[in-house]
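**Student:** This structure is in structure tokens; I'll ask about it shortly.
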Amino acid sequence: MLPKLKVSNLSCTRAGNLLFHDLNFEVNSGQNIEIIGSNGSGKTTLLRILAGLYQEFEGDVKWGKEQYPLYIGHRRGLKALMSARENLLWSAAINGQGARLAEVDEALRQVSMGSYLDIACGSMSEGQCGRVNLARLVLLNNPVWILDEPFNTIDSDGIQWLLERIKKHLFLGGILVLSSHMEVPLNNLEELELR
């Protein structure tokens, strides 16, 4: 089944503030949408709702797929005392996808972290941790990606790699929902502005 997202009448209030009201949109296989808006407009909250990580909202979020989307947010989701390799093995396990060591090592090589396989993530720079986190896009088989500011903390080579990886994901029929403070050079990128 091809992935599909349908959002109907979605509203969310946090700490007494209305973030967004009556959102309606669809994203189908091969499509991408960018959530835009000023700081505090609810971009991260919306992305977390779409990923199934935040439940205090009204309306409907329906995915035409069996598994939750792959979400990469501001918090890296990496255990500081675990190595890059161990973090990816753990991430694959909690996503219900067993991964072989060779697959983990290849994913880390693709994000230029092949020489950091056994280094604890707590001793890495923010940019290196960002690359380890992005290796999940190589390792995990998920047709839907939700990325919250994925270009933060990575250098220009990392940005170029990520853009190419996203294009491949979309070409293969995947879905992308993202937020970014940089202008994202992707074809047919739709925008949803939160005010």
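Ordering of the structure tokens sets the chain letters (A, B, ...); residue numbers start at 1 within each chain; ligands are numbered from 1 in the order shown.
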In region 13-121 of chain A, what's helix (DSSP H, G or I) per DSSP? Answer as a PyMOL selection string?
**Tutor:** chain A and resi 43-50+84-94+101-110+114-116+121
**Student:** For Gln67 (chain A), which of A:Thr13, A:Asn188, A:Thr45, A:Asn142 is the closest residue, counting only C-alpha atoms?
**Tutor:**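 Smallest distance to Gln67 (chain A) is found for A:Asn142.
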**Student:** Would you mind listing what lies within 10 Å of Leu101 (chain A) as a PyMOL selection string, with only C-alpha atoms counted and same-chain residues fewer than 2 positions away left out?
**Tutor:** chain A and resi 85-86+88-89+98-99+103-107
**Student:** Would you save the residues from that selection as a tab-separated table (two decimals), in the first residue's frame, using all heavy atoms?
**Tutor:**
```
chain	number	residue	atom	x	y	z
A	85	ARG	N	27.37	3.19	16.57
A	85	ARG	CA	26.91	1.86	16.13
A	85	ARG	C	25.82	1.33	17.07
A	85	ARG	O	24.77	0.87	16.62
A	85	ARG	CB	28.12	0.93	16.13
A	85	ARG	CG	27.88	-0.42	15.54
A	85	ARG	CD	29.13	-1.25	15.71
A	85	ARG	NE	29.93	-1.25	14.50
A	85	ARG	CZ	31.21	-1.59	14.46
A	85	ARG	NH1	31.85	-1.89	15.58
A	85	ARG	NH2	31.86	-1.63	13.33
A	86	GLU	N	26.03	1.42	18.36
A	86	GLU	CA	25.06	0.93	19.34
A	86	GLU	C	23.75	1.71	19.27
A	86	GLU	O	22.66	1.15	19.38
A	86	GLU	CB	25.64	1.01	20.76
A	86	GLU	CG	26.76	0.03	21.02
A	86	GLU	CD	27.51	0.33	22.31
A	86	GLU	OE1	27.56	1.52	22.72
A	86	GLU	OE2	28.05	-0.62	22.88
A	88	LEU	N	22.43	3.18	16.64
A	88	LEU	CA	21.67	2.79	15.46
A	88	LEU	C	21.07	1.39	15.60
A	88	LEU	O	19.94	1.14	15.16
A	88	LEU	CB	22.52	2.89	14.20
A	88	LEU	CG	22.82	4.30	13.71
A	88	LEU	CD1	23.53	4.27	12.38
A	88	LEU	CD2	21.57	5.14	13.61
A	89	LEU	N	21.80	0.48	16.22
A	89	LEU	CA	21.24	-0.86	16.48
A	89	LEU	C	20.02	-0.75	17.38
A	89	LEU	O	18.99	-1.41	17.16
A	89	LEU	CB	22.30	-1.77	17.11
A	89	LEU	CG	23.38	-2.27	16.16
A	89	LEU	CD1	24.52	-2.92	16.95
A	89	LEU	CD2	22.80	-3.25	15.15
A	98	GLY	N	15.09	-5.33	12.75
A	98	GLY	CA	16.41	-5.86	13.10
A	98	GLY	C	17.43	-5.40	12.07
A	98	GLY	O	17.14	-5.35	10.88
A	99	ALA	N	18.59	-5.02	12.52
A	99	ALA	CA	19.64	-4.56	11.60
A	99	ALA	C	20.92	-5.34	11.85
A	99	ALA	O	21.28	-5.58	12.99
A	99	ALA	CB	19.88	-3.06	11.78
A	103	GLU	N	25.01	-3.47	8.01
A	103	GLU	CA	24.06	-2.45	7.55
A	103	GLU	C	24.23	-1.16	8.35
A	103	GLU	O	24.16	-0.06	7.79
A	103	GLU	CB	22.63	-2.96	7.70
A	103	GLU	CG	22.29	-4.12	6.79
A	103	GLU	CD	20.94	-4.74	7.10
A	103	GLU	OE1	20.61	-4.88	8.30
A	103	GLU	OE2	20.22	-5.07	6.15
A	104	VAL	N	24.43	-1.29	9.65
A	104	VAL	CA	24.65	-0.13	10.50
A	104	VAL	C	25.94	0.58	10.09
A	104	VAL	O	25.96	1.82	9.94
A	104	VAL	CB	24.71	-0.55	11.99
A	104	VAL	CG1	25.20	0.60	12.86
A	104	VAL	CG2	23.35	-1.04	12.45
A	105	ASP	N	27.00	-0.18	9.89
A	105	ASP	CA	28.28	0.41	9.51
A	105	ASP	C	28.18	1.13	8.16
A	105	ASP	O	28.73	2.22	7.99
A	105	ASP	CB	29.37	-0.66	9.46
A	105	ASP	CG	29.72	-1.20	10.84
A	105	ASP	OD1	29.18	-0.68	11.85
A	105	ASP	OD2	30.52	-2.15	10.92
A	106	GLU	N	27.45	0.54	7.22
A	106	GLU	CA	27.28	1.17	5.91
A	106	GLU	C	26.49	2.47	6.03
A	106	GLU	O	26.81	3.47	5.39
A	106	GLU	CB	26.59	0.21	4.94
A	106	GLU	CG	26.31	0.81	3.56
A	106	GLU	CD	27.55	1.35	2.85
A	106	GLU	OE1	28.68	0.89	3.12
A	106	GLU	OE2	27.38	2.26	2.02
A	107	ALA	N	25.44	2.46	6.86
A	107	ALA	CA	24.65	3.68	7.06
A	107	ALA	C	25.54	4.79	7.63
A	107	ALA	O	25.46	5.95	7.19
A	107	ALA	CB	23.48	3.40	7.99
```
**Student:** Which residue is closest to Phe151 (chain A)? Choose from A:Asp60, A:Asp22, A:Glu193, A:Glu183 and count only C-alpha atoms.
**Tutor:**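 Among the listed residues, A:Glu183 lies closest to Phe151 (chain A).
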**Student:** For Arg131 (chain A), list every protein, DNA or RNA residue within 12 Å, evaluated using only C-alpha atoms, and leave out those in the same chain fewer than 6 positions away; present the list as a VMD selection string.
**Tutor:** chain A and resid 72 76 78 84 88 107 to 114 116 to 117 121 124 to 125 137 to 138 150 to 155 157 to 159 161 to 162
**Student:** Quick one: pull the distance between CA of Lys43 (chain A) and CA of Ser180 (chain A), Å, one decimal.
**Tutor:**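 One can read the CA of Lys43 (chain A) to CA of Ser180 (chain A) distance as 9.7 Å.
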**Student:** When distances are computed from only C-alpha atoms, which of A:Lys6, A:Val184, A:Trp145, A:Ala80 shows the smallest separation from Glu126 (chain A)?
**Tutor:** A:Ala80
**Student:** Neighbouring residues of Leu23 (chain A) were defined as those with any atom within 12 Å, considering only C-alpha atoms; residues of the same chain fewer than 2 positions away were excluded. Please report them as a count of residues only.
**Tutor:** 23
**Student:** Please determine, counting only C-alpha atoms, which residue among A:Asn141, A:Ser38, A:Ser91, A:Ser29 has the shortest atom-to-atom distance to Leu172 (chain A).
**Tutor:**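 Ranked by minimum distance to Leu172 (chain A), first place goes to A:Ser29.
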**Student:** I'd like the interatomic distance between CA of Ala120 (chain A) and CA of Leu70 (chain A), to a tenth of an Å.
**Tutor:** 23.2 Å
**Student:** Given the choices A:Ile119, A:Leu178, A:Ala135, A:Ile36, which gets closest to Arg48 (chain A) if the distance is worked out from only C-alpha atoms?
**Tutor:**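 Of all the options, A:Leu178 lies closest to Arg48 (chain A).
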**Student:** Just how far from CA of Glu56 (chain A) is CA of Leu18 (chain A), in Å to one decimal?
**Tutor:**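 Calculated distance between CA of Leu18 (chain A) and CA of Glu56 (chain A) is 12.1 Å.
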